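Asks: This is the content of final.txt (compact mmCIF, C-alpha atoms):
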```txt
# COMPACT_ATOMS: atom_id res chain seq x y z
CA MET A 10 9.13 20.32 0.34
CA PRO A 11 6.78 17.91 2.11
CA THR A 12 3.18 17.84 0.90
CA ALA A 13 0.18 17.66 3.22
CA LEU A 14 -3.39 16.74 2.24
CA ILE A 15 -6.06 18.16 4.54
CA THR A 16 -9.74 17.25 4.45
CA GLY A 17 -12.34 19.71 5.71
CA ALA A 18 -9.77 22.38 4.89
CA SER A 19 -12.06 25.29 4.05
CA ALA A 20 -12.63 26.48 7.64
CA GLY A 21 -12.04 25.80 11.32
CA LEU A 22 -9.30 23.40 12.35
CA GLY A 23 -8.71 22.36 8.74
CA ALA A 24 -7.89 25.91 7.67
CA GLU A 25 -5.71 26.35 10.74
CA PHE A 26 -3.77 23.18 9.89
CA ALA A 27 -3.28 24.62 6.40
CA HIS A 28 -1.92 27.93 7.71
CA GLN A 29 0.47 26.39 10.22
CA LEU A 30 1.79 23.79 7.81
CA ALA A 31 2.24 26.37 5.04
CA GLU A 32 4.06 28.63 7.49
CA HIS A 33 6.56 25.79 7.95
CA GLY A 34 7.02 25.43 4.19
CA ALA A 35 4.74 22.51 3.37
CA ASP A 36 2.96 22.36 0.03
CA LEU A 37 -0.74 21.59 0.36
CA VAL A 38 -3.65 19.73 -1.13
CA LEU A 39 -6.87 21.20 0.26
CA VAL A 40 -10.05 19.10 0.24
CA ALA A 41 -13.57 20.31 1.05
CA ARG A 42 -17.02 20.67 -0.49
CA SER A 43 -16.90 24.41 -1.17
CA GLN A 44 -14.92 25.35 -4.28
CA ASP A 45 -15.15 29.10 -3.57
CA ALA A 46 -13.93 28.78 0.01
CA LEU A 47 -11.05 26.53 -1.05
CA ASP A 48 -10.01 28.89 -3.84
CA THR A 49 -10.03 31.86 -1.47
CA LEU A 50 -7.94 30.02 1.11
CA ALA A 51 -5.53 28.68 -1.52
CA THR A 52 -4.90 32.15 -2.91
CA ALA A 53 -4.20 33.54 0.56
CA LEU A 54 -1.79 30.70 1.39
CA ARG A 55 0.14 31.06 -1.87
CA GLU A 56 0.48 34.82 -1.44
CA THR A 57 1.38 34.70 2.25
CA TYR A 58 3.73 31.72 2.39
CA GLY A 59 4.84 31.11 -1.20
CA VAL A 60 3.88 27.43 -1.14
CA ALA A 61 2.21 25.33 -3.83
CA VAL A 62 -1.47 24.69 -3.14
CA GLU A 63 -3.80 22.28 -4.96
CA VAL A 64 -7.57 22.42 -4.55
CA LEU A 65 -9.67 19.26 -4.66
CA THR A 66 -13.42 19.72 -4.26
CA ALA A 67 -15.04 16.63 -2.76
CA ASP A 68 -17.88 15.58 -0.48
CA LEU A 69 -16.52 12.71 1.61
CA VAL A 70 -19.90 11.10 2.15
CA VAL A 71 -20.04 10.43 -1.62
CA GLU A 72 -18.22 7.25 -2.61
CA ASP A 73 -16.91 8.56 -5.93
CA ASP A 74 -15.49 11.65 -4.22
CA VAL A 75 -13.71 9.57 -1.56
CA THR A 76 -12.27 7.45 -4.38
CA ARG A 77 -10.93 10.57 -6.13
CA VAL A 78 -9.25 11.82 -2.96
CA ALA A 79 -7.77 8.37 -2.26
CA ALA A 80 -6.40 8.31 -5.82
CA ARG A 81 -4.68 11.67 -5.23
CA ILE A 82 -3.12 10.31 -2.04
CA SER A 83 -1.91 7.23 -3.92
CA ALA A 84 -0.42 9.17 -6.86
CA PRO A 85 3.27 8.14 -6.91
CA GLU A 86 4.41 11.14 -8.97
CA HIS A 87 3.18 13.64 -6.34
CA PRO A 88 3.40 11.79 -2.99
CA ILE A 89 1.59 12.90 0.14
CA ASP A 90 3.80 13.07 3.24
CA LEU A 91 1.14 14.08 5.76
CA LEU A 92 -2.58 13.23 5.73
CA VAL A 93 -4.88 15.21 8.00
CA ASN A 94 -8.33 13.61 8.31
CA ASN A 95 -10.33 16.54 9.62
CA ALA A 96 -13.65 16.62 7.71
CA GLY A 97 -16.78 16.14 9.77
CA PHE A 98 -20.03 17.54 11.09
CA GLY A 99 -22.17 17.19 14.21
CA LEU A 100 -25.73 16.10 14.89
CA PRO A 101 -28.08 16.55 17.84
CA LEU A 102 -27.36 14.05 20.59
CA HIS A 103 -30.82 12.44 20.52
CA PHE A 104 -30.11 9.55 18.14
CA ALA A 105 -33.68 8.17 18.10
CA ASP A 106 -35.03 11.56 16.97
CA ASN A 107 -32.42 12.14 14.25
CA ASP A 108 -32.96 11.34 10.58
CA ILE A 109 -31.32 7.95 10.01
CA ASP A 110 -29.95 8.97 6.59
CA GLN A 111 -28.14 11.85 8.27
CA GLU A 112 -26.76 9.44 10.85
CA VAL A 113 -25.43 7.23 8.05
CA ARG A 114 -23.78 10.26 6.40
CA HIS A 115 -22.31 11.12 9.80
CA LEU A 116 -20.85 7.61 10.12
CA ARG A 117 -19.39 7.71 6.62
CA ILE A 118 -17.56 10.99 7.06
CA HIS A 119 -16.21 10.22 10.55
CA VAL A 120 -15.31 6.54 10.13
CA GLU A 121 -15.47 5.23 6.55
CA ALA A 122 -13.77 8.18 4.84
CA PRO A 123 -10.81 8.39 7.27
CA MET A 124 -10.36 4.61 7.10
CA ARG A 125 -10.27 4.59 3.30
CA LEU A 126 -7.94 7.59 3.09
CA MET A 127 -5.64 6.06 5.70
CA HIS A 128 -5.53 2.86 3.67
CA ALA A 129 -4.49 4.85 0.59
CA ALA A 130 -1.87 6.80 2.55
CA LEU A 131 -0.33 3.72 4.13
CA GLY A 132 -0.02 2.16 0.70
CA THR A 133 2.38 4.92 -0.37
CA MET A 134 3.99 5.89 2.97
CA ARG A 135 5.14 2.51 4.24
CA GLY A 136 8.89 2.27 3.84
CA ARG A 137 9.08 5.87 2.56
CA GLY A 138 7.83 7.46 5.77
CA GLY A 139 4.95 9.77 6.57
CA ARG A 140 2.46 10.97 9.13
CA ILE A 141 -1.29 10.64 9.50
CA ILE A 142 -3.31 12.89 11.81
CA ASN A 143 -6.90 11.96 12.59
CA VAL A 144 -8.88 14.77 14.19
CA ALA A 145 -10.93 13.03 16.86
CA SER A 146 -12.35 14.58 20.03
CA VAL A 147 -12.40 14.38 23.80
CA ALA A 148 -15.96 13.14 23.16
CA GLY A 149 -14.35 9.86 22.14
CA PHE A 150 -13.60 9.18 25.81
CA ILE A 151 -17.17 9.89 26.96
CA PRO A 152 -20.44 8.01 26.19
CA ARG A 153 -22.52 10.43 24.13
CA SER A 154 -24.47 9.28 21.09
CA THR A 155 -23.00 8.41 17.68
CA TYR A 156 -20.48 11.28 17.56
CA SER A 157 -18.74 9.84 20.61
CA ALA A 158 -18.86 6.33 19.14
CA CYS A 159 -17.30 7.49 15.86
CA LYS A 160 -14.51 9.37 17.61
CA GLN A 161 -13.91 6.45 19.97
CA TRP A 162 -13.37 4.23 16.92
CA LEU A 163 -10.99 6.76 15.39
CA ILE A 164 -8.94 6.98 18.59
CA GLY A 165 -8.75 3.21 18.98
CA PHE A 166 -7.81 2.64 15.36
CA SER A 167 -5.16 5.37 15.51
CA ARG A 168 -3.60 3.79 18.60
CA TRP A 169 -3.36 0.42 16.85
CA ALA A 170 -2.13 1.85 13.54
CA ASN A 171 0.56 3.92 15.25
CA ALA A 172 1.92 0.85 17.02
CA GLU A 173 1.65 -1.30 13.90
CA TYR A 174 3.17 1.00 11.27
CA THR A 175 5.82 2.93 13.19
CA ARG A 176 8.21 0.14 12.17
CA ASP A 177 7.49 1.13 8.55
CA GLY A 178 8.25 4.78 9.19
CA VAL A 179 4.62 5.94 9.48
CA THR A 180 3.12 7.50 12.61
CA VAL A 181 -0.62 7.89 13.25
CA THR A 182 -1.92 10.41 15.77
CA ALA A 183 -5.47 11.02 16.97
CA VAL A 184 -5.79 14.68 17.96
CA CYS A 185 -8.56 15.01 20.55
CA PRO A 186 -9.56 18.62 21.25
CA GLY A 187 -12.27 19.68 23.63
CA PHE A 188 -14.62 22.60 22.91
CA THR A 189 -12.85 24.76 20.33
CA HIS A 190 -13.80 28.08 18.77
CA THR A 191 -14.57 27.15 15.14
CA LYS A 192 -17.61 27.22 12.84
CA PHE A 193 -18.48 23.63 13.85
CA HIS A 194 -21.06 24.88 16.36
CA GLU A 195 -22.31 27.66 14.09
CA ARG A 196 -23.22 25.13 11.40
CA MET A 197 -25.44 23.39 13.96
CA GLY A 198 -27.19 26.67 14.76
CA LEU A 199 -25.44 26.97 18.12
CA GLU A 200 -23.31 29.68 19.67
CA PRO A 201 -20.57 28.97 22.23
CA GLY A 202 -22.54 30.79 24.92
CA HIS A 203 -25.50 28.44 24.34
CA GLU A 204 -23.52 25.26 24.96
CA GLY A 205 -23.66 25.50 28.73
CA ILE A 206 -19.86 25.44 28.83
CA PRO A 207 -17.97 28.22 30.70
CA ALA A 208 -15.47 30.36 28.82
CA VAL A 209 -12.53 28.57 30.47
CA GLY A 210 -13.62 25.35 28.76
CA TRP A 211 -13.07 26.73 25.26
CA LEU A 212 -9.84 26.33 23.30
CA GLN A 213 -8.40 28.35 20.43
CA ALA A 214 -7.92 26.59 17.10
CA LYS A 215 -4.32 27.82 16.84
CA ASP A 216 -3.40 26.18 20.14
CA VAL A 217 -5.13 22.90 19.25
CA VAL A 218 -3.34 22.61 15.91
CA ARG A 219 0.05 23.68 17.28
CA GLU A 220 -0.05 21.05 20.03
CA GLY A 221 -1.47 18.41 17.70
CA LEU A 222 1.33 18.93 15.15
CA ARG A 223 3.94 18.86 17.90
CA ASP A 224 2.63 15.58 19.30
CA ALA A 225 2.42 14.07 15.81
CA ALA A 226 6.05 15.02 15.21
CA ARG A 227 6.92 13.17 18.43
CA GLY A 228 5.11 10.08 17.21
CA LYS A 229 2.41 10.11 19.89
CA ALA A 230 -0.65 7.97 19.20
CA VAL A 231 -3.06 10.29 21.03
CA SER A 232 -2.81 14.04 21.51
CA VAL A 233 -5.13 15.83 23.96
CA PRO A 234 -4.45 19.57 23.63
CA SER A 235 -4.40 21.60 26.86
CA LEU A 236 -3.88 20.57 30.46
CA ARG A 237 -7.56 21.08 31.32
CA TYR A 238 -8.70 18.46 28.81
CA LYS A 239 -5.91 16.07 29.74
CA LEU A 240 -7.46 16.22 33.22
CA VAL A 241 -10.95 15.59 31.78
CA VAL A 242 -9.69 12.49 29.97
CA ALA A 243 -7.96 11.27 33.12
CA LEU A 244 -11.20 11.64 35.07
CA THR A 245 -13.15 9.62 32.51
CA LYS A 246 -10.93 6.65 33.37
CA VAL A 247 -11.96 6.64 37.03
CA LEU A 248 -15.50 8.05 37.10
CA PRO A 249 -18.55 5.79 36.52
CA SER A 250 -19.75 5.84 32.90
CA SER A 251 -23.26 6.73 34.10
CA LEU A 252 -21.89 9.95 35.61
CA THR A 253 -19.83 10.93 32.58
CA ALA A 254 -22.77 10.18 30.28
CA ARG A 255 -24.99 12.58 32.26
CA ALA A 256 -22.34 15.28 32.16
CA ALA A 257 -21.87 14.77 28.41
CA ARG A 258 -25.46 15.73 27.63
CA ARG A 259 -24.31 19.35 27.62
CA GLY A 260 -22.55 20.74 24.59
CA ARG A 261 -20.84 19.16 21.62
CA VAL A 262 -17.09 18.80 21.04
```
Turn the structure described in the file into structure tokens.
Replies:
Amino acid sequence: MPTALITGASAGLGAEFAHQLAEHGADLVLVARSQDALDTLATALRETYGVAVEVLTADLVVEDDVTRVAARISAPEHPIDLLVNNAGFGLPLHFADNDIDQEVRHLRIHVEAPMRLMHAALGTMRGRGGRIINVASVAGFIPRSTYSACKQWLIGFSRWANAEYTRDGVTVTAVCPGFTHTKFHERMGLEPGHEGIPAVGWLQAKDVVREGLRDAARGKAVSVPSLRYKLVVALTKVLPSSLTARAARRGRV
């Protein structure tokens, strides 16, 4: 059976990736900060789908923890076939008012950790084959504080890596959802109704993951789940950046 390693696996899109991959028979390595949440999820996945599930507790803003996860990815005796870089958190959009140490943590988890884990994965996948999924965001196409900048980097790097390493049997896909019903907004003290985004603008985690996995299987460099957000991304290519920046002040994706 293939083995997938998922970061930020304890809830939200990470947990949904775990369920859908387990349903298709993949063994799993689940990575997150919360041991209890991981253990609960692992037990449910084993009982429901009969797959093997490892639990690896790690905080990906801590260098030693990133090193431990990278070492698991690099372990030749238990190879990883699919890496899902999903861990992350959001901050208020007003960069100048945010705590700079939090901004640095934000940068580490959205840019440094995925880069280092991708490097470890490529070291074992090249020639053998494998897939890497980087969970980015539609925000990466829109100017909006450091979250947008981080996701823009992840999208650009995924595009390049997919073109570069496909010849070695490895595909890299940036999955770019819009507003999605997960605990991401709850952790920021926000409810979907407070985001200023109408109900039609919200996606379901199941749909995001299903389309993201499908596009990754097709070797696409960028996956934008749902027709409505494909249209949003298309508009960002023709509208002035000043206009999209004003619109982006509402909500967080």
Asks: State, in Å with one decimal place, the distance from atom CA of A:His28 to atom CA of A:Tyr58.
Replies: 8.6 Å
Asks: For A:His190, which of A:Lys215, A:Lys239, A:Arg176, A:Arg117 is the closest residue, counting only C-alpha atoms?
Replies: A:Lys215
Asks: For a test of reading the model, state the distance in Å between atom CA of A:Tyr238 and atom CA of A:Gly221, rounded to one decimal.
Replies: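 Spanning atom CA of A:Tyr238 to atom CA of A:Gly221 is a straight-line distance of 13.3 Å.
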Asks: Tell me, as a ChimeraX atom specification, which residues lie within 9 Å of A:Gln44, counting all atoms listed in the file; anything in the same chain fewer than 5 positions away does not count.
Replies: /A:19,49,64-67
Asks: For A:Gly132, which residue out of A:Ser83, A:Gln29, A:Thr76, A:Gln161 is the nearest one, using all atoms listed in the file?
Replies: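 Of A:Ser83, A:Gln29, A:Thr76, A:Gln161, the one nearest A:Gly132, counting all atoms listed in the file, is A:Ser83.
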Asks: Would you work out the distance separating atom CA of A:Leu240 from atom CA of A:Ser157, expressed in Å to one decimal?
Replies: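 These two atoms are separated by 18.1 Å.
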Asks: Using all atoms listed in the file, what table do you get, as a Markdown table, when you list each residue of stretch 82-128 of chain A with an atom no more than 8 Å from stretch 139-156 of chain A, its nearest pair of atoms, and their distance in Å rounded to one decimal, rows by chain then rising number?
Replies:
```
| residue | atom | partner | partner_atom | distance |
| --- | --- | --- | --- | --- |
| A:Ile89 | CA | A:Gly139 | CA | 7.9 |
| A:Asp90 | CA | A:Gly139 | CA | 4.8 |
| A:Leu91 | CA | A:Arg140 | CA | 4.8 |
| A:Leu92 | CA | A:Ile141 | CA | 4.8 |
| A:Val93 | CA | A:Ile142 | CA | 4.7 |
| A:Asn94 | CA | A:Asn143 | CA | 4.8 |
| A:Asn95 | CA | A:Val144 | CA | 5.1 |
| A:Gly99 | CA | A:Tyr156 | CA | 7.0 |
| A:Leu100 | CA | A:Tyr156 | CA | 7.6 |
| A:Leu102 | CA | A:Ser154 | CA | 5.6 |
| A:His103 | CA | A:Ser154 | CA | 7.1 |
| A:Phe104 | CA | A:Ser154 | CA | 6.4 |
| A:Glu112 | CA | A:Thr155 | CA | 7.9 |
| A:His115 | CA | A:Tyr156 | CA | 8.0 |
| A:Leu116 | CA | A:Thr155 | CA | 7.9 |
| A:Pro123 | CA | A:Asn143 | CA | 7.5 |
| A:Met127 | CA | A:Ile141 | CA | 7.4 |
```
Asks: Looking at all atoms listed in the file, which of A:Leu39, A:Met124, A:Val179, A:Leu14 is the one that sits closest to A:Phe166?
Replies: A:Met124
Asks: Starting from the point (-16.4, 6.2, 12.3), work out which residues of protein, DNA or RNA have an atom no more than 6 Å away when counting all atoms listed in the file; state them as a list of chain:residue names.
Replies: A:Leu116, A:His119, A:Val120, A:Glu121, A:Cys159, A:Trp162
